[in-house]
Structures are given as structure tokens and as C-alpha cells.
$ cat target-v1.cif   # mmCIF, C-alpha atoms
data_final
#
loop_
_atom_site.label_atom_id
_atom_site.label_comp_id
_atom_site.auth_asym_id
_atom_site.auth_seq_id
_atom_site.Cartn_x
_atom_site.Cartn_y
_atom_site.Cartn_z
CA MET A 1 0.00 0.00 0.00
CA ARG A 2 1.32 3.46 -0.89
CA TYR A 3 0.19 5.52 2.10
CA THR A 4 1.54 8.69 0.52
CA GLU A 5 -1.36 8.48 -1.98
CA ALA A 6 -4.02 9.04 0.69
CA LYS A 7 -4.47 9.23 4.44
CA GLU A 8 -7.69 8.99 6.42
CA HIS A 9 -8.58 11.15 9.44
CA THR A 10 -5.79 13.68 8.99
CA PRO A 11 -5.71 17.20 10.45
CA GLY A 12 -6.84 19.79 7.91
CA ARG A 13 -7.82 23.42 7.58
CA LEU A 14 -10.79 23.12 9.94
CA HIS A 15 -8.45 22.08 12.74
CA GLU A 16 -7.20 25.67 12.61
CA LEU A 17 -10.71 26.89 13.49
CA PHE A 18 -12.20 24.26 15.76
CA ALA A 19 -10.67 22.52 18.74
CA ASP A 20 -12.54 19.34 17.77
CA PRO A 21 -13.89 19.56 14.20
CA TYR A 22 -14.97 15.91 14.28
CA HIS A 23 -17.69 16.85 16.78
CA ALA A 24 -18.30 20.49 15.81
CA PHE A 25 -21.13 19.53 13.42
CA ASP A 26 -22.86 16.84 15.50
CA ASN A 27 -26.54 17.47 16.22
CA ASP A 28 -25.84 17.79 19.94
CA SER A 29 -22.93 20.18 19.46
CA HIS A 30 -23.24 23.62 21.06
CA GLU A 31 -23.38 26.40 18.44
CA ARG A 32 -23.66 23.81 15.65
CA GLN A 33 -25.29 26.26 13.23
CA LEU A 34 -22.54 28.82 13.80
CA HIS A 35 -19.92 26.14 13.13
CA ILE A 36 -21.66 25.23 9.85
CA ARG A 37 -21.73 28.84 8.72
CA VAL A 38 -18.10 29.47 9.59
CA MET A 39 -17.16 26.29 7.71
CA LEU A 40 -19.17 27.36 4.65
CA TYR A 41 -17.57 30.78 4.69
CA LEU A 42 -14.09 29.28 4.72
CA LEU A 43 -14.63 26.41 2.29
CA ALA A 44 -17.31 27.78 -0.07
CA VAL A 45 -17.88 31.53 0.16
CA ARG A 46 -14.26 32.68 0.08
CA PRO A 47 -13.26 30.49 -2.89
CA MET A 48 -16.46 31.60 -4.66
CA GLN A 49 -15.57 35.25 -4.11
CA ARG A 50 -12.14 34.55 -5.62
CA GLU A 51 -13.75 32.66 -8.54
CA LEU A 52 -11.88 29.54 -7.43
CA LEU A 53 -14.89 27.32 -6.64
CA THR A 54 -16.08 24.55 -8.97
CA LEU A 55 -19.22 22.51 -8.31
CA ARG A 56 -19.14 18.84 -9.34
CA VAL A 57 -22.57 17.18 -9.39
CA ILE A 58 -22.49 13.38 -9.46
CA HIS A 59 -25.23 10.95 -10.48
CA GLY A 60 -25.68 7.54 -12.05
CA TRP A 61 -25.32 5.26 -9.05
CA GLU A 62 -28.66 4.08 -7.70
CA ASN A 63 -30.32 1.10 -6.00
CA GLY A 64 -27.03 0.01 -4.46
CA GLY A 65 -25.05 0.15 -7.71
CA CYS A 66 -21.49 1.43 -7.58
CA GLU A 67 -19.76 0.36 -10.78
CA PRO A 68 -17.05 2.93 -11.62
CA VAL A 69 -18.24 3.24 -15.22
CA ASP A 70 -21.76 4.20 -14.07
CA LEU A 71 -20.68 7.23 -12.03
CA LYS A 72 -21.50 10.33 -14.10
CA PHE A 73 -20.77 13.98 -13.40
CA VAL A 74 -21.00 17.55 -14.61
CA GLU A 75 -19.10 20.60 -13.36
CA TYR A 76 -20.05 24.25 -12.99
CA PRO A 77 -17.79 27.18 -12.07
CA LEU A 78 -19.39 29.09 -9.20
CA SER A 79 -18.68 32.77 -8.82
CA ASP A 80 -21.93 33.68 -7.06
CA ILE A 81 -25.25 32.27 -5.88
CA THR A 82 -26.76 32.77 -9.35
CA ASP A 83 -24.44 30.10 -10.74
CA LEU A 84 -25.63 27.66 -8.09
CA HIS A 85 -29.26 28.46 -8.95
CA ARG A 86 -28.51 27.78 -12.60
CA ALA A 87 -26.99 24.38 -11.86
CA ALA A 88 -29.90 23.36 -9.62
CA ASP A 89 -32.44 24.53 -12.22
CA GLU A 90 -30.86 22.34 -14.91
CA PHE A 91 -31.36 19.24 -12.81
CA THR A 92 -34.86 20.30 -11.74
CA GLU A 93 -35.88 20.76 -15.39
CA ALA A 94 -34.41 17.39 -16.35
CA MET A 95 -36.39 15.74 -13.56
CA LYS A 96 -39.62 17.49 -14.53
CA ASN A 97 -39.25 16.64 -18.22
CA ASN A 98 -38.00 13.10 -17.58
CA THR A 99 -34.86 13.77 -19.62
CA ALA A 100 -31.26 12.77 -18.99
CA PHE A 101 -29.36 14.64 -16.32
CA PRO A 102 -26.57 16.95 -17.48
CA GLU A 103 -23.39 14.98 -18.08
CA GLN A 104 -19.99 15.81 -19.47
CA GLN A 105 -17.34 13.72 -21.12
CA GLY A 106 -14.74 12.08 -18.97
CA SER A 107 -14.55 9.53 -16.21
CA LEU A 108 -14.12 10.05 -12.50
CA LEU A 109 -13.14 6.49 -11.68
CA ALA A 110 -13.35 4.08 -14.63
CA LYS A 111 -10.63 5.58 -16.87
CA PRO A 112 -8.17 6.35 -14.05
CA LEU A 113 -8.72 2.82 -12.73
CA SER A 114 -8.13 1.30 -16.16
CA ASP A 115 -4.96 3.35 -16.57
CA ALA A 116 -3.63 2.37 -13.13
CA ILE A 117 -4.31 -1.32 -13.81
CA ALA A 118 -2.59 -1.11 -17.20
CA ASP A 119 0.46 0.58 -15.64
CA ALA A 120 0.71 -2.05 -12.90
CA GLU A 121 0.50 -4.88 -15.40
CA ALA A 122 3.05 -3.19 -17.66
CA ASP A 123 5.39 -3.08 -14.65
CA GLY A 124 5.01 -6.85 -14.26
CA GLN A 125 2.45 -6.96 -11.44
CA PRO A 126 -0.17 -9.65 -12.14
CA LEU A 127 -3.69 -8.59 -11.17
CA ASP A 128 -6.57 -11.04 -11.04
CA ASP A 129 -10.17 -10.16 -11.90
CA GLU A 130 -11.19 -9.88 -8.24
CA THR A 131 -8.47 -7.32 -7.54
CA LYS A 132 -9.58 -5.27 -10.54
CA ALA A 133 -13.27 -5.46 -9.65
CA ARG A 134 -13.21 -5.01 -5.86
CA PRO A 135 -12.43 -1.46 -4.69
CA ALA A 136 -11.06 -2.73 -1.38
CA ARG A 137 -8.33 -4.54 -3.36
CA TRP A 138 -7.26 -1.52 -5.40
CA PRO A 139 -4.65 -0.34 -2.87
CA SER A 140 -2.54 -3.35 -3.83
CA PHE A 141 -1.31 -1.53 -6.96
CA GLU A 142 0.19 1.90 -7.62
CA GLY A 143 -2.47 4.61 -7.69
CA GLY A 144 -5.10 2.28 -6.29
CA LEU A 145 -5.18 3.67 -2.75
CA ALA A 146 -6.04 7.16 -4.02
CA LEU A 147 -8.76 5.73 -6.27
CA TYR A 148 -10.17 3.69 -3.40
CA THR A 149 -10.24 6.77 -1.18
CA LEU A 150 -12.15 8.74 -3.80
CA PHE A 151 -14.47 5.79 -4.46
CA LYS A 152 -15.40 5.65 -0.78
CA MET A 153 -16.06 9.40 -0.72
CA TYR A 154 -18.36 9.20 -3.76
CA HIS A 155 -20.12 6.15 -2.31
CA ARG A 156 -20.81 7.93 0.98
CA LEU A 157 -22.09 11.02 -0.83
CA VAL A 158 -24.57 8.87 -2.77
CA TYR A 159 -25.64 6.42 -0.08
CA GLY A 160 -25.08 8.33 3.15
CA GLU A 161 -22.86 8.08 6.21
CA ASP A 162 -23.34 8.20 9.99
CA ASP A 163 -20.34 10.43 10.81
CA ALA A 164 -21.15 14.12 10.43
CA TYR A 165 -17.61 15.02 9.34
CA ARG A 166 -14.51 13.37 7.91
CA SER A 167 -11.11 14.85 7.13
CA SER A 168 -8.54 13.13 4.93
CA GLN A 169 -5.92 13.73 2.27
CA CYS A 170 -5.74 12.27 -1.23
CA ARG A 171 -3.52 12.65 -4.25
CA THR A 172 -5.54 13.71 -7.31
CA SER A 173 -4.70 14.65 -10.87
CA GLN A 174 -4.44 18.25 -9.61
CA GLY A 175 -2.07 17.26 -6.80
CA MET A 176 -2.57 16.57 -3.11
CA ARG A 177 -5.92 17.72 -1.77
CA GLU A 178 -7.58 17.87 1.63
CA ILE A 179 -10.98 16.18 1.62
CA HIS A 180 -13.57 17.68 3.95
CA GLU A 181 -16.68 15.52 3.90
CA PHE A 182 -20.00 16.47 5.55
CA HIS A 183 -23.06 14.35 6.22
CA LEU A 184 -25.46 16.71 7.95
CA GLU A 185 -29.21 16.90 8.41
CA ASP A 186 -28.94 20.06 6.32
CA GLY A 187 -27.20 18.35 3.38
CA GLU A 188 -24.39 16.02 2.33
CA PHE A 189 -21.39 17.32 0.40
CA ALA A 190 -17.60 17.32 0.27
CA PHE A 191 -14.88 19.85 -0.48
CA LEU A 192 -11.53 19.03 -2.07
CA ILE A 193 -9.25 21.94 -1.23
CA PRO A 194 -5.60 22.71 -1.97
CA PRO A 195 -3.40 22.43 1.12
CA GLY A 196 -1.75 25.32 2.92
CA ARG A 197 -1.18 28.62 1.15
CA HIS A 198 -2.33 27.17 -2.19
CA PHE A 199 -5.91 27.50 -0.90
CA THR A 200 -5.93 31.17 -1.93
CA THR A 201 -4.72 30.61 -5.51
CA GLU A 202 -5.84 27.14 -6.64
CA LYS A 203 -9.34 25.83 -7.23
CA THR A 204 -11.57 24.30 -4.59
CA LEU A 205 -13.91 21.52 -5.69
CA LEU A 206 -17.37 21.14 -4.15
CA ILE A 207 -18.84 17.67 -4.73
CA LEU A 208 -22.40 16.55 -4.09
CA HIS A 209 -25.01 14.14 -5.40
CA GLU A 210 -27.72 15.65 -7.57
CA SER A 211 -30.29 15.01 -4.82
CA GLN A 212 -28.34 17.39 -2.56
CA LEU A 213 -28.40 20.41 -4.89
CA GLU A 214 -31.50 21.98 -3.37
CA PRO A 215 -30.54 21.28 0.28
CA PHE A 216 -27.06 22.73 -0.27
CA LYS A 217 -28.50 25.74 -2.08
CA ARG A 218 -30.86 26.43 0.83
CA LEU A 219 -28.02 26.03 3.31
CA LEU A 220 -25.70 28.38 1.45
CA ILE A 221 -28.41 31.00 0.86
CA ALA A 222 -29.24 30.94 4.57
CA SER A 223 -25.57 31.40 5.42
CA THR A 224 -24.31 34.00 2.96
CA PRO A 225 -26.19 37.04 4.36
CA LEU A 226 -24.09 36.60 7.48
CA PHE A 227 -21.03 37.40 5.37
CA GLU A 228 -22.64 40.10 3.17
CA THR A 229 -21.85 38.35 -0.12
CA VAL A 230 -25.28 38.74 -1.78
#
$ encode --input "target-v1.cif" --output "C-alpha cells"
Amino acid sequence: MRYTEAKEHTPGRLHELFADPYHAFDNDSHERQLHIRVMLYLLAVRPMQRELLTLRVIHGWENGGCEPVDLKFVEYPLSDITDLHRAADEFTEAMKNNTAFPEQQGSLLAKPLSDAIADAEADGQPLDDETKARPARWPSFEGGLALYTLFKMYHRLVYGEDDAYRSSQCRTSQGMREIHEFHLEDGEFAFLIPPGRHFTTEKTLLILHESQLEPFKRLLIASTPLFETV
């Protein structure tokens, strides 16, 4: 296993704000709503003001399915709340008209997985069908631990998770990123942010399932007046 590819439960940017971020968003936490709004300001509002926030909406997995090839996505640059409205409206219209959800070319998991398997085999590492097909076995080859980490994040965003917050690190095609994952009564979403000082100059990625567009929009709209951004 290449542990430099990804690490679970690592300190991240929210540890600079909260003494115990793992419990700051629990339902029984004191000042939970304030914690949520401070988090949104740091991870969403500030990158949006800098035009460094991209929304990735995922869909395609349903009824327990989780095949990498079936995970679809579309991305939207967000520079203000209007952009978020526009993204949500596209999915609402598709649902009303019973048409396909917006989708863009590319693969979040299937193509990177195929490439990593091909590289491992080219380097002389034999991989059986079970290793290729089972995400829990992916860490046995180069690049697989990062893919497994991202797979688990996507799976939790689609199917839910008991923990209100998770913090980890993962190597992506854009470099190392902190993953801040939230599973709240108010909505479920994750942020992939550049580490350290790069947070102010490189893009932040907001990821959520299409079913969470409206809840996240309501949450952000309720929060932004506090920071006078609309």
C-alpha cells in the first residue's frame, strides 16, 4: 500500500478553526449552526468570491449500484449564488421533463482505474479479476489507494454516512488535496481543497449528489447574508 497516496482522518484546515472539528457539526454540538456557517464561509464563500470554486454534481449510481463506469458527473464554475441556482435549475428541469441529467465527457473512476491497472501490469504486477473489480483490493497496486479513497467518498455522498464530518488527504490529478466531507441533516457534500497557502490561488472543488443540490443551495443561501456576499 502506498500511504503517501491518501491518508484517512488527517488534520486539515478546519483544525485551525475548531478545537474538535470531528464533533463540531454533531446534532448535539453547542453552536452547531454557527460552526456550519463558519465552515461554509471558509470552504465555499471565500473560494467563490475569488472565482476559485467549482461545483461537481455526481449521479448515475442508484439502487445500491457502484460500478465505476456508471458514475457520471458535470461541473459548474461558481462565482456567485446565481451560478448555483442555474446548476440546480438544470437538474430540476431534467427531472420534470424526464430527460437525462446533465453529463460531461470524462470519467471520474473508470478511466483512471483502467490506466492504473494497465500501468501495474506493464510493470510486471499480475492482477486477477477480483483485484480489478473489488475497490477494497485496489490499494494493492500503484495509484489504487487514491482511487479507493475517492471511491469511498463518492459512495458515501450517494448512499449516506453516519459520521457528520470526515477529514482526509488524497492525491488527485491536480495534486494533493484535503478532503472535507460532511453528512449533515442540512445536506451532504464534500470539499476538495488545496493544502496550505495554495488554498488562496488554486481551485476548490465542491462535490455533491444531484439530490443534494437543493438542500445545499438552501443552506448556502441561509448562510451568505451573514457574510454580506449577496
$ resolve_selection --input "target-v1.cif" --expression "the PyMOL selection byres ((chain A and resi 162-166) around 8)" --output "PyMOL selection string"
chain A and resi 9+21-23+25-26+160-161+167-168+179-184
$ atom_distance --input "target-v1.cif" --atom1 "atom CA of A:Ser223" --atom2 "atom CA of A:Leu157"
21.6 Å
$ atom_distance --input "target-v1.cif" --atom1 "atom CA of A:Ala146" --atom2 "atom CA of A:Glu5"
5.3 Å
$ atom_distance --input "target-v1.cif" --atom1 "atom CA of A:Glu103" --atom2 "atom CA of A:Phe73"
5.5 Å
$ resolve_selection --input "target-v1.cif" --expression "the PyMOL selection byres ((chain A and resi 79) around 8)" --output "VMD selection string"
chain A and resid 48 to 53 77 to 78 80 to 81 83
$ residues_around --input "target-v1.cif" --residues "A:Ala110" --least-positions-apart "6" --cutoff "12 Å" --atoms "only C-alpha atoms" --output "MDAnalysis selection string"
chainID A and resid 66:72 116:117 132:133 135 144 147:148 150:151
